[in-house]
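S.K.: Structure in structure tokens, see below.
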There are 2 protein chains.
Amino acid sequence: MMTLEEVARRAGVSSATVSRVLNNAGKVRPTTRKRVLEAVRELRYHPNVHAKALAGAKSRTLGMIVSNLKNPYFVDIFGSLEAAADRHGYEVVVESTGYSTQRLASSVRSMLGRRLLGLSVIVSEMDDSLIEELTESRLPVVFHDVGRATPNAAHITVDWEKPMQKTVEYLYSLGHRRMAFVGHHTGLASLQARRLAFLNALDHYAGSVEFATEADVDSPEGGRMATRRLLSTGFQPTAILSVNDFMALGVLRELQSRGHRVPQDISVTGFDNINLSEFTNPPLTTVNVPRERIGRLVFEALAPQEGQRVSSHEIVVHPEVVIRDSTAPAKTP
Amino acid sequence: MMTLEEVARRAGVSSATVSRVLNNAGKVRPTTRKRVLEAVRELRYHPNVHAKALAGAKSRTLGMIVSNLKNPYFVDIFGSLEAAADRHGYEVVVESTGYSTQRLASSVRSMLGRRLLGLSVIVSEMDDSLIEELTESRLPVVFHDVGRATPNAAHITVDWEKPMQKTVEYLYSLGHRRMAFVGHHTGLASLQARRLAFLNALDHYAGSVEFATEADVDSPEGGRMATRRLLSTGFQPTAILSVNDFMALGVLRELQSRGHRVPQDISVTGFDNINLSEFTNPPLTTVNVPRERIGRLVFEALAPQEGQRVSSHEIVVHPEVVIRDSTAPAKTP
DNA sequence: CGAAATCAGGTAAACGCTTTCATCGGACGG
DNA sequence: CCGTCCGATGAAAGCGTTTACCTGATTTCG
């Protein structure tokens with residue numbers, strides 16, 4: 001591997017000058033610059049990022065830890081963050097925890113070792129000690145979906161209550177009186193919050209709605225299994241609300257392969273409005289969570305640009321219900 | 001940020017000793033070790049990866065460049081590679097190019113700067129100069145889907161010809177005589193290879209089958225647009241073969257929203273057998289490409305473990321057709 | 001019991017950059 | 001024509017680890 005020194009020798013200058021050219025900092029005579037660039041090209045020199053980082057160049061890389069890269073929700077946020085980063089000459093490195101608290105911890109440690117510019121933690125699991133560790137590290141952080149704002153951490157939250165209420169209301173108005181909620185296993189907090197939002201929404205119709213809840217892993221397969229279990233209890237919901245679109249794919253499938261028509265026999269709703277939700281059959285009624293915007297917010301919180309008012313530390317996103325074809329009036333028995 | 005030195009001071013030893021316990025290399029008395037570990041914990045010390053790397057610790061991180069992280073195919077390979085890496089104490093960093101040759105180049109450069117243990121390039125676009133640059137770098141490389149084997153690069157390939165032939169044969173036997181192929185835009189090579197596989201397969205039925213091909217971006221939306229364009233030409237295929245499952249989602253949707261029933265009116269096939277393909281309605285007939293295995297092969301090629309016979313440099317995977325419900329006998333007019 | 005090994009741990013030299021700080025020539029103003 | 005300033009570049013000090021290499025202190029054994 002080539003080094004700055006070798007490039008310098010080749011160009012007949014000192015390594016300091018090469019560095020200056022490469023980072024266009026300081027004054028360098030055009031002819032010298034040209035000579036250097038040429039040497040760089042000829043030697044196929046690639047700066048050693050570690051040496052750069054160690055030598056104190058301000059970091060240009062952001063970290064991102066997500067729960068499950070197979071769920072498009074996270075990929076979309078990543079994509080948006082990366083795009084913003086790319087636009088400004090930053091990089092981002094992702095890590096996926098698979099909902100394991102253990103892997104989360106080791107990811108955080110590894111990220112801390114990278115001396116990043118900032119870290120975003122977009123997961124559903126998280127224990128308090130990690131939040132503290134992150135806080136003490138003084139590293140700029142963004143939590144999403146879990147965690148809390150701290151002096152160095154912004155917190156982006158999605159309001160679940162209202163859209164959940166709207167959804168239940170909407171289903172109720174369509175005559176649904178037996179509803180089920182399908183969630184996914186996570187480190188309590190987040191799942192419970194969503195389940196609770198569902199239960200709270202039902203409170204408005206105290207007693208007039210029967211309900212059940214089930215949970216499984218965050219995947220279409222999980223959605224299928226949860227649905228299978230749900231129905232095997234004998235409960236016959238006329239509507240199933242899925243904690244997210246990804247799992248909703250599985251509930252759709254399970255329902256359909258059991259011969260239930262959606263939405264004629266059973267209505268289904270999702271959450272997130274991932275691109276896929278528009279392509280299911282029937283297209284999925286869901287709640288639009290603006291991943292693109294969330295990604296941008298994350299970037300702004302981590303790498304505030306010149307003359308840009310730094311956004312608040314506590315941001316809540318209010319998503320809108322998107323009605324498509326997976327919901328319809330309840331079948332009258 | 002804490003440093004080795006501070007930990008050493010705190011534990012009353014030299015930094016060399018701290019390094020030794022952290023990497024458990026060399027002999028260190030148990031009591032000393034305990035003292036050090038304690039200091040590490042108390043100070044919340046996190047080793048600086050850059051310093052480690054610079055100081056010559058052998059790299060433990062693998063790189064992976066993919067075309068499109070939104071396509072589950074790539075995510076699956078990434079997941080498998082990461083799992084293998086994790087099992088052996090390695091890390092992997094991904095980068096997505098969005099099918100842009102330019103971003104590919106900059107990704108490669110950035111990866112080269114990271115002084116990785118090895119790099120996997122799983123993309124459909126790639127110009128020859130990059131292959132050369134990679135070759136000259138002497139970095140262990142794995143190409144998939146594109147590129148070629150070189151002294152330091154393994155090459156994992158999926159055999160398209162045979163399964164494509166099988167698929168066409170199968171459709172033909174169901175009475176299909178008007179077929180269309182939907183591909184995606186890429187840096188020529190790869191797309192053409194697939195289109196050609198399709199055309200070659202048709203050669204067996206010289207003249208007895210009408211056909212058309214269309215292409216768009218690699219996404220469900222792309223699949224939808226391509227299908228839309230395809231049908232707007234007036235051509236009425238009884239079967240549409242999609243270059244991959246991801247795009248097939250879009251062709252299914254477009255067909256269905258135009259009132260064509262799948263498979264009664266039109267059959268559809270995909271490629272890859274991503275998990276999603278089992279959850280479409282109807283479930284998709286496709287070709288199973290073993291992403292899990294490919295991920296493992298990549299790992300093995302990049303980080304050959306002790307006493308494991310190093311796999312060949314030129315590996316070809318032979319995928320199998322998976323028949324589900326999106327294909328059926330052609331409608332007799 | 002003394003010499004040779006073995007152990008534990010310290011010293012200091014890289015590793016490849018960035019970044020002061022110093023230097024060396026002019027260009028300029030008077 | 002000389003003193004001043006700049007503008008361009010070089011020298012060298014880190015940055016936080018790893019890793020020979022070396023030094024005392026213990027063991028081991030004949």
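Identifiers in this document derive from the order of the structure tokens: chains are assigned A, B, ..., residues are numbered from 1 separately in each chain, and ligands are numbered from 1 in order of occurrence.
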Would you list the contacts of range 4-17 of chain D as a PyMOL selection string, taking every protein, DNA or RNA residue within 6 Å and counting only C-alpha atoms (C1' of nucleotides), but skipping same-chain residues closer than 5 positions in sequence?
M.R.: (chain A and resi 54-55) or (chain B and resi 51-52+55)
S.K.: Create the file for the chosen residues now, containing C-alpha atoms and written as a PDB file, in the first residue's frame.
M.R.:
```
ATOM      1  CA  LEU A  54      -5.859   9.244  14.203  1.00  0.00           C
ATOM      2  CA  ALA A  55      -4.075  12.343  13.080  1.00  0.00           C
TER       3      ALA A  55
ATOM      4  CA  ALA B  51      -5.099   3.481  16.334  1.00  0.00           C
ATOM      5  CA  LYS B  52      -5.393  -0.286  16.399  1.00  0.00           C
ATOM      6  CA  ALA B  55      -0.528   0.072  14.700  1.00  0.00           C
TER       7      ALA B  55
END
```
S.K.: With a distance threshold of 9 Å and counting only C-alpha atoms (C1' of nucleotides), extract the residues of chain A near chain D and express them as a list in words.
M.R.: Val13, Ser14, Ser15, Ala16, Thr17, Lys27, Val28, Arg29, Ala51, Ala53, Leu54, Ala55 and Gly56 of chain A
S.K.: Provide as an NGL selection string the residues of chain C at most 12 Å from chain A, counting only C-alpha atoms (C1' of nucleotides).
M.R.: :C and (15-20)
S.K.: If you keep C-alpha atoms (C1' of nucleotides), can you produce a file of those selected residues as a tab-separated table (two decimals), in the first residue's frame?
M.R.:
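That gives us selection_39.tsv:
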```tsv
chain	number	residue	atom	x	y	z
C	15	DC	C1'	2.07	2.95	11.77
C	16	DG	C1'	0.48	7.07	8.05
C	17	DC	C1'	-1.51	11.04	8.52
C	18	DT	C1'	-2.56	16.38	10.09
C	19	DT	C1'	-0.97	20.50	11.70
C	20	DT	C1'	1.66	23.98	13.96
```
S.K.: Tell me which of B:Gly234, B:Gly63, B:Pro263, B:Gly12 sits closest to Leu81 in chain B, counting only C-alpha atoms.
M.R.: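 Distance minimum relative to Leu81 in chain B lands on B:Gly63.
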S.K.: What is the distance between CA of Leu119 in chain A and CA of Asn23 in chain B, in Å to one decimal?
M.R.: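 Distance between the two atoms: 25.9 Å.
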S.K.: Hey, what's within 10 Å of Arg138 in chain A if we count only C-alpha atoms (C1' of nucleotides) and toss same-chain stuff fewer than 4 positions away? As a ChimeraX atom specification, please?
M.R.: /A:118,133-134,151-153 /B:1
S.K.: Write a file of the just-selected residues containing C-alpha atoms, as a PDB file, in the first residue's frame.
M.R.:
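To be explicit, this is the file written out as out_6.pdb:
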```pdb
ATOM      1  CA  GLY A 118     -22.409  11.044  15.488  1.00  0.00           C
ATOM      2  CA  GLU A 133     -23.018   4.980  28.503  1.00  0.00           C
ATOM      3  CA  LEU A 134     -23.860   6.817  25.331  1.00  0.00           C
ATOM      4  CA  PRO A 151     -27.903  16.628  26.612  1.00  0.00           C
ATOM      5  CA  ASN A 152     -26.147  15.075  23.659  1.00  0.00           C
ATOM      6  CA  ALA A 153     -28.998  13.012  22.283  1.00  0.00           C
TER       7      ALA A 153
ATOM      8  CA  MET B   1     -12.188   9.913  25.164  1.00  0.00           C
TER       9      MET B   1
END
```
S.K.: So which residues of range 21-203 of chain B fall under helix (DSSP H, G or I) by DSSP, listed as number ranges by chain?
M.R.: B: 21-22, 30-43, 49-54, 72-87, 101-113, 128-137, 161-173, 189-203
S.K.: Write the selection just made, keeping C-alpha atoms, as an mmCIF file, in the first residue's frame?
M.R.:
```cif
data_model
loop_
_atom_site.group_PDB
_atom_site.id
_atom_site.type_symbol
_atom_site.label_atom_id
_atom_site.label_comp_id
_atom_site.auth_asym_id
_atom_site.auth_seq_id
_atom_site.Cartn_x
_atom_site.Cartn_y
_atom_site.Cartn_z
ATOM 1 C CA VAL B 21 -4.768 -8.056 28.497
ATOM 2 C CA LEU B 22 -7.191 -6.492 26.055
ATOM 3 C CA PRO B 30 -4.239 -12.891 36.821
ATOM 4 C CA THR B 31 -4.251 -10.261 39.524
ATOM 5 C CA THR B 32 -2.817 -7.681 37.162
ATOM 6 C CA ARG B 33 -5.295 -8.628 34.538
ATOM 7 C CA LYS B 34 -8.113 -8.124 36.953
ATOM 8 C CA ARG B 35 -6.848 -4.721 37.932
ATOM 9 C CA VAL B 36 -6.619 -3.687 34.323
ATOM 10 C CA LEU B 37 -10.054 -4.932 33.427
ATOM 11 C CA GLU B 38 -11.428 -3.018 36.334
ATOM 12 C CA ALA B 39 -9.784 0.166 35.216
ATOM 13 C CA VAL B 40 -11.159 -0.388 31.740
ATOM 14 C CA ARG B 41 -14.644 -0.708 33.084
ATOM 15 C CA GLU B 42 -14.414 2.209 35.442
ATOM 16 C CA LEU B 43 -13.124 4.536 32.810
ATOM 17 C CA VAL B 49 -10.093 1.279 16.153
ATOM 18 C CA HIS B 50 -8.072 3.659 14.063
ATOM 19 C CA ALA B 51 -5.099 3.481 16.334
ATOM 20 C CA LYS B 52 -5.393 -0.286 16.399
ATOM 21 C CA ALA B 53 -5.540 -0.495 12.667
ATOM 22 C CA LEU B 54 -2.673 1.883 12.222
ATOM 23 C CA PRO B 72 -34.029 -7.933 -0.274
ATOM 24 C CA TYR B 73 -31.788 -10.103 -2.377
ATOM 25 C CA PHE B 74 -28.784 -8.052 -1.381
ATOM 26 C CA VAL B 75 -29.895 -7.635 2.182
ATOM 27 C CA ASP B 76 -30.113 -11.396 2.505
ATOM 28 C CA ILE B 77 -26.591 -11.900 1.271
ATOM 29 C CA PHE B 78 -25.413 -9.169 3.557
ATOM 30 C CA GLY B 79 -27.222 -10.768 6.465
ATOM 31 C CA SER B 80 -25.650 -14.108 5.781
ATOM 32 C CA LEU B 81 -22.189 -12.656 5.378
ATOM 33 C CA GLU B 82 -22.552 -10.656 8.545
ATOM 34 C CA ALA B 83 -23.734 -13.673 10.475
ATOM 35 C CA ALA B 84 -20.723 -15.668 9.377
ATOM 36 C CA ALA B 85 -18.445 -12.772 10.147
ATOM 37 C CA ASP B 86 -19.997 -12.273 13.540
ATOM 38 C CA ARG B 87 -19.527 -15.907 14.376
ATOM 39 C CA THR B 101 -20.967 3.446 -11.642
ATOM 40 C CA GLN B 102 -19.762 6.665 -10.170
ATOM 41 C CA ARG B 103 -20.817 5.765 -6.673
ATOM 42 C CA LEU B 104 -19.312 2.346 -7.188
ATOM 43 C CA ALA B 105 -15.977 3.919 -7.913
ATOM 44 C CA SER B 106 -16.126 6.142 -4.896
ATOM 45 C CA SER B 107 -17.209 3.244 -2.724
ATOM 46 C CA VAL B 108 -14.308 1.168 -3.893
ATOM 47 C CA ARG B 109 -11.926 3.980 -3.145
ATOM 48 C CA SER B 110 -13.367 4.465 0.286
ATOM 49 C CA MET B 111 -13.144 0.745 0.946
ATOM 50 C CA LEU B 112 -9.549 0.690 -0.202
ATOM 51 C CA GLY B 113 -8.831 3.445 2.268
ATOM 52 C CA ASP B 128 -13.064 -2.839 -16.245
ATOM 53 C CA SER B 129 -10.704 -0.223 -14.886
ATOM 54 C CA LEU B 130 -12.136 -0.787 -11.449
ATOM 55 C CA ILE B 131 -11.491 -4.475 -11.661
ATOM 56 C CA GLU B 132 -7.921 -3.710 -12.547
ATOM 57 C CA GLU B 133 -7.517 -1.235 -9.759
ATOM 58 C CA LEU B 134 -8.858 -3.793 -7.343
ATOM 59 C CA THR B 135 -6.559 -6.403 -8.752
ATOM 60 C CA GLU B 136 -3.523 -4.229 -8.353
ATOM 61 C CA SER B 137 -4.457 -3.455 -4.796
ATOM 62 C CA GLU B 161 -29.152 -20.161 -18.605
ATOM 63 C CA LYS B 162 -30.437 -23.386 -17.277
ATOM 64 C CA PRO B 163 -33.183 -22.210 -14.956
ATOM 65 C CA MET B 164 -34.299 -19.705 -17.522
ATOM 66 C CA GLN B 165 -34.538 -22.498 -20.023
ATOM 67 C CA LYS B 166 -36.467 -24.614 -17.555
ATOM 68 C CA THR B 167 -38.842 -21.774 -16.866
ATOM 69 C CA VAL B 168 -39.522 -21.117 -20.506
ATOM 70 C CA GLU B 169 -39.910 -24.810 -21.121
ATOM 71 C CA TYR B 170 -42.364 -25.054 -18.272
ATOM 72 C CA LEU B 171 -44.394 -22.128 -19.513
ATOM 73 C CA TYR B 172 -44.333 -23.500 -23.023
ATOM 74 C CA SER B 173 -45.636 -26.780 -21.818
ATOM 75 C CA ALA B 189 -23.338 -6.623 -18.963
ATOM 76 C CA SER B 190 -25.495 -8.171 -16.349
ATOM 77 C CA LEU B 191 -28.831 -7.123 -17.764
ATOM 78 C CA GLN B 192 -27.874 -8.255 -21.191
ATOM 79 C CA ALA B 193 -26.744 -11.593 -19.883
ATOM 80 C CA ARG B 194 -30.161 -12.164 -18.450
ATOM 81 C CA ARG B 195 -32.038 -10.912 -21.400
ATOM 82 C CA LEU B 196 -29.912 -13.129 -23.555
ATOM 83 C CA ALA B 197 -30.579 -16.116 -21.380
ATOM 84 C CA PHE B 198 -34.233 -15.480 -22.029
ATOM 85 C CA LEU B 199 -33.775 -15.088 -25.742
ATOM 86 C CA ASN B 200 -31.579 -18.155 -25.926
ATOM 87 C CA ALA B 201 -34.188 -20.167 -24.156
ATOM 88 C CA LEU B 202 -36.725 -19.057 -26.699
ATOM 89 C CA ASP B 203 -34.502 -20.219 -29.513
#
```
S.K.: Can you measure CA of Leu116 in chain B to CA of Pro140 in chain B for me? One decimal in Å is fine.
M.R.: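 Answer for the CA of Leu116 in chain B to CA of Pro140 in chain B separation: 8.9 Å.
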S.K.: Which residue gives the smallest distance to chain A among B:Val321, B:Ala215, B:Ala248, B:Leu230, with only C-alpha atoms counted?
M.R.: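 Looking at the shortest contact to chain A, the residue is B:Ala248.
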S.K.: I'd like to know which of A:Ser326, A:Gln305, A:Asn275, A:Ser232 is closest to chain B, using only C-alpha atoms.
M.R.: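 Residue with the minimum atom-to-atom distance to chain B: A:Asn275.
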S.K.: Could you write out, as JSON, numbers by chain, all the residues of range 114-317 of chain B that DSSP marks as strand (DSSP E or B)?
M.R.: {"B": [118, 119, 120, 121, 122, 141, 142, 143, 144, 150, 153, 154, 155, 156, 157, 158, 178, 179, 180, 181, 182, 183, 184, 210, 211, 212, 213, 214, 215, 216, 239, 240, 241, 242, 267, 268, 269, 272, 285, 286, 287, 288, 314, 315, 316, 317]}
S.K.: Go ahead and save the picked residues with N, CA and C atoms, as a compact mmCIF listing (two decimals), in the first residue's frame.
M.R.:
```txt
# COMPACT_ATOMS: atom_id res chain seq x y z
N GLY B 118 -10.81 -7.88 3.45
CA GLY B 118 -11.28 -8.33 2.16
C GLY B 118 -12.51 -7.56 1.75
N LEU B 119 -12.81 -7.59 0.46
CA LEU B 119 -13.93 -6.81 -0.05
C LEU B 119 -14.79 -7.64 -0.98
N SER B 120 -16.09 -7.57 -0.79
CA SER B 120 -16.98 -8.26 -1.72
C SER B 120 -17.76 -7.24 -2.53
N VAL B 121 -17.80 -7.48 -3.80
CA VAL B 121 -18.45 -6.53 -4.70
C VAL B 121 -19.62 -7.25 -5.36
N ILE B 122 -20.82 -6.93 -4.89
CA ILE B 122 -22.01 -7.63 -5.34
C ILE B 122 -22.87 -6.66 -6.10
N VAL B 141 -10.62 -10.19 -2.86
CA VAL B 141 -11.89 -9.68 -3.36
C VAL B 141 -12.79 -10.84 -3.75
N VAL B 142 -14.10 -10.61 -3.66
CA VAL B 142 -15.06 -11.55 -4.22
C VAL B 142 -16.00 -10.76 -5.10
N PHE B 143 -16.15 -11.19 -6.32
CA PHE B 143 -17.14 -10.58 -7.20
C PHE B 143 -18.34 -11.50 -7.26
N HIS B 144 -19.51 -10.87 -7.32
CA HIS B 144 -20.69 -11.69 -7.52
C HIS B 144 -21.56 -10.94 -8.50
N THR B 150 -9.69 -13.15 -10.63
CA THR B 150 -8.33 -12.70 -10.89
C THR B 150 -7.49 -13.35 -9.80
N ALA B 153 -8.98 -12.36 -6.69
CA ALA B 153 -10.43 -12.24 -6.64
C ALA B 153 -11.14 -13.54 -6.98
N ALA B 154 -12.02 -13.97 -6.11
CA ALA B 154 -12.87 -15.11 -6.41
C ALA B 154 -14.09 -14.58 -7.15
N HIS B 155 -14.77 -15.47 -7.80
CA HIS B 155 -15.89 -15.04 -8.62
C HIS B 155 -17.06 -16.00 -8.40
N ILE B 156 -18.13 -15.49 -7.86
CA ILE B 156 -19.31 -16.32 -7.62
C ILE B 156 -20.38 -15.93 -8.60
N THR B 157 -20.84 -16.91 -9.29
CA THR B 157 -21.74 -16.67 -10.39
C THR B 157 -23.01 -17.49 -10.25
N VAL B 158 -24.11 -16.96 -10.74
CA VAL B 158 -25.34 -17.74 -10.75
C VAL B 158 -25.61 -18.14 -12.18
N ARG B 178 -46.99 -16.48 -26.00
CA ARG B 178 -46.63 -15.06 -26.04
C ARG B 178 -46.04 -14.68 -24.68
N MET B 179 -44.73 -14.50 -24.66
CA MET B 179 -44.04 -14.23 -23.40
C MET B 179 -43.33 -12.88 -23.43
N ALA B 180 -43.18 -12.32 -22.24
CA ALA B 180 -42.44 -11.06 -22.15
C ALA B 180 -41.44 -11.14 -21.01
N PHE B 181 -40.35 -10.40 -21.17
CA PHE B 181 -39.32 -10.39 -20.14
C PHE B 181 -39.17 -8.96 -19.61
N VAL B 182 -39.20 -8.84 -18.30
CA VAL B 182 -39.03 -7.52 -17.68
C VAL B 182 -37.71 -7.49 -16.93
N GLY B 183 -36.82 -6.61 -17.33
CA GLY B 183 -35.51 -6.54 -16.69
C GLY B 183 -35.30 -5.22 -16.00
N HIS B 184 -34.07 -5.00 -15.55
CA HIS B 184 -33.81 -3.66 -15.01
C HIS B 184 -32.56 -3.07 -15.64
N GLU B 210 -44.03 -15.75 -29.59
CA GLU B 210 -43.84 -14.31 -29.74
C GLU B 210 -43.30 -13.78 -28.42
N PHE B 211 -42.50 -12.74 -28.51
CA PHE B 211 -41.97 -12.20 -27.25
C PHE B 211 -41.68 -10.72 -27.33
N ALA B 212 -41.44 -10.14 -26.16
CA ALA B 212 -41.08 -8.73 -26.05
C ALA B 212 -40.28 -8.58 -24.77
N THR B 213 -39.49 -7.51 -24.69
CA THR B 213 -38.77 -7.25 -23.44
C THR B 213 -38.87 -5.78 -23.10
N GLU B 214 -38.84 -5.52 -21.84
CA GLU B 214 -38.90 -4.15 -21.33
C GLU B 214 -37.96 -4.05 -20.14
N ALA B 215 -37.59 -2.85 -19.76
CA ALA B 215 -36.73 -2.71 -18.60
C ALA B 215 -37.03 -1.40 -17.89
N ASP B 216 -36.76 -1.39 -16.61
CA ASP B 216 -36.94 -0.17 -15.83
C ASP B 216 -36.06 -0.30 -14.59
N ALA B 239 -47.67 -14.71 -20.49
CA ALA B 239 -46.76 -14.95 -19.36
C ALA B 239 -45.71 -13.85 -19.34
N ILE B 240 -45.41 -13.39 -18.13
CA ILE B 240 -44.36 -12.38 -17.99
C ILE B 240 -43.30 -12.92 -17.06
N LEU B 241 -42.04 -12.92 -17.54
CA LEU B 241 -40.93 -13.36 -16.70
C LEU B 241 -40.20 -12.13 -16.19
N SER B 242 -40.08 -12.03 -14.91
CA SER B 242 -39.41 -10.87 -14.35
C SER B 242 -37.97 -11.23 -14.00
N SER B 267 -49.67 -15.48 -16.57
CA SER B 267 -48.75 -16.08 -15.60
C SER B 267 -47.58 -15.15 -15.36
N VAL B 268 -47.02 -15.22 -14.17
CA VAL B 268 -45.87 -14.37 -13.84
C VAL B 268 -44.81 -15.21 -13.13
N THR B 269 -43.56 -14.98 -13.48
CA THR B 269 -42.48 -15.65 -12.73
C THR B 269 -41.45 -14.62 -12.30
N ASP B 272 -34.89 -15.34 -7.85
CA ASP B 272 -34.22 -15.09 -6.57
C ASP B 272 -34.85 -15.87 -5.42
N THR B 285 -44.19 -17.97 -8.50
CA THR B 285 -43.31 -18.98 -9.07
C THR B 285 -41.99 -18.30 -9.37
N THR B 286 -40.89 -18.92 -8.97
CA THR B 286 -39.62 -18.22 -9.09
C THR B 286 -38.46 -19.20 -9.19
N VAL B 287 -37.27 -18.72 -9.05
CA VAL B 287 -36.09 -19.58 -9.09
C VAL B 287 -35.30 -19.32 -7.82
N ASN B 288 -35.02 -20.36 -7.10
CA ASN B 288 -34.38 -20.17 -5.81
C ASN B 288 -32.88 -19.96 -5.90
N GLU B 314 -13.48 -19.88 -8.77
CA GLU B 314 -14.56 -19.69 -9.74
C GLU B 314 -15.70 -20.61 -9.32
N ILE B 315 -16.71 -20.02 -8.73
CA ILE B 315 -17.80 -20.81 -8.19
C ILE B 315 -19.08 -20.50 -8.94
N VAL B 316 -19.77 -21.53 -9.38
CA VAL B 316 -21.05 -21.23 -9.99
C VAL B 316 -22.17 -21.96 -9.26
N VAL B 317 -23.20 -21.19 -8.99
CA VAL B 317 -24.34 -21.69 -8.24
C VAL B 317 -25.46 -22.04 -9.22
```
S.K.: Can you tell me which residues surround Ser257 in chain A at a distance of at most 12 Å, considering only C-alpha atoms (C1' of nucleotides), apart from same-chain residues fewer than 2 positions away, and format the answer as a list in words?
M.R.: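 Final neighbour list, sorted by chain and number: Arg224, Thr227, Arg228, Gly250, Val251, Leu252, Arg253, Glu254, Leu255, Gly259, His260, Arg261 and Val262 of chain A; Glu278, Phe279, Thr280, Asn281, Pro282, Pro283 and Asp325 of chain B.
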S.K.: Would you mind exporting N, CA and C atoms of the selected residues as a tab-separated table (two decimals), in the first residue's frame?
M.R.:
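out_34.tsv written:
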```
chain	number	residue	atom	x	y	z
A	224	ARG	N	-47.42	-14.20	9.81
A	224	ARG	CA	-48.20	-15.40	9.49
A	224	ARG	C	-48.40	-16.26	10.74
A	227	THR	N	-50.81	-14.72	13.23
A	227	THR	CA	-52.18	-14.82	12.75
A	227	THR	C	-52.71	-16.23	12.93
A	228	ARG	N	-51.85	-17.17	12.62
A	228	ARG	CA	-52.24	-18.56	12.75
A	228	ARG	C	-52.65	-18.86	14.20
A	250	GLY	N	-47.48	-11.04	6.13
A	250	GLY	CA	-47.74	-12.38	6.61
A	250	GLY	C	-49.18	-12.59	7.03
A	251	VAL	N	-49.78	-11.58	7.63
A	251	VAL	CA	-51.18	-11.79	8.02
A	251	VAL	C	-52.04	-11.89	6.77
A	252	LEU	N	-51.77	-11.09	5.78
A	252	LEU	CA	-52.52	-11.19	4.53
A	252	LEU	C	-52.44	-12.61	3.98
A	253	ARG	N	-51.22	-13.08	3.90
A	253	ARG	CA	-51.00	-14.40	3.32
A	253	ARG	C	-51.72	-15.50	4.09
A	254	GLU	N	-51.58	-15.46	5.40
A	254	GLU	CA	-52.21	-16.50	6.20
A	254	GLU	C	-53.72	-16.48	6.03
A	255	LEU	N	-54.26	-15.30	6.07
A	255	LEU	CA	-55.70	-15.16	5.90
A	255	LEU	C	-56.12	-15.73	4.56
A	259	GLY	N	-58.41	-19.13	3.03
A	259	GLY	CA	-59.64	-18.92	2.31
A	259	GLY	C	-60.44	-17.71	2.74
A	260	HIS	N	-59.87	-16.90	3.63
A	260	HIS	CA	-60.57	-15.66	3.98
A	260	HIS	C	-60.24	-14.61	2.94
A	261	ARG	N	-61.25	-13.95	2.45
A	261	ARG	CA	-60.98	-12.89	1.49
A	261	ARG	C	-60.72	-11.59	2.24
A	262	VAL	N	-59.71	-10.86	1.76
A	262	VAL	CA	-59.43	-9.55	2.32
A	262	VAL	C	-59.76	-8.55	1.23
B	278	GLU	N	-42.92	-15.54	-1.29
B	278	GLU	CA	-43.83	-16.54	-0.77
B	278	GLU	C	-45.09	-15.87	-0.23
B	279	PHE	N	-44.97	-14.55	-0.06
B	279	PHE	CA	-46.06	-13.83	0.59
B	279	PHE	C	-46.87	-12.96	-0.35
B	280	THR	N	-46.61	-13.08	-1.63
B	280	THR	CA	-47.42	-12.32	-2.55
B	280	THR	C	-48.74	-13.05	-2.75
B	281	ASN	N	-49.63	-12.39	-3.45
B	281	ASN	CA	-50.91	-13.02	-3.72
B	281	ASN	C	-51.16	-12.97	-5.21
B	282	PRO	N	-51.07	-14.03	-5.92
B	282	PRO	CA	-50.73	-15.38	-5.45
B	282	PRO	C	-49.23	-15.50	-5.20
B	283	PRO	N	-48.85	-16.50	-4.40
B	283	PRO	CA	-47.42	-16.76	-4.19
B	283	PRO	C	-46.72	-16.94	-5.53
B	325	ASP	N	-47.95	-20.42	-7.18
B	325	ASP	CA	-49.27	-20.25	-7.78
B	325	ASP	C	-49.44	-19.12	-8.79
```
S.K.: Please provide as a VMD selection string all residues within 8 Å of Met247 in chain B, with the sequence filter that same-chain residues fewer than 2 positions apart are discarded (counting only C-alpha atoms (C1' of nucleotides)).
M.R.: chain B and resid 218 to 224 242 to 245 249 to 251 270
S.K.: Quick one: distance from CA of Leu276 in chain B to CA of Ser277 in chain A in Å, one decimal?
M.R.: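 Rounded to one decimal, the two atoms are 11.9 Å apart.
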S.K.: Let me make sure I understand: among B:Phe271, B:Phe246, B:Tyr205, B:Phe299, which one has the smallest atom-to-atom distance to chain A if we use only C-alpha atoms?
M.R.: B:Phe246
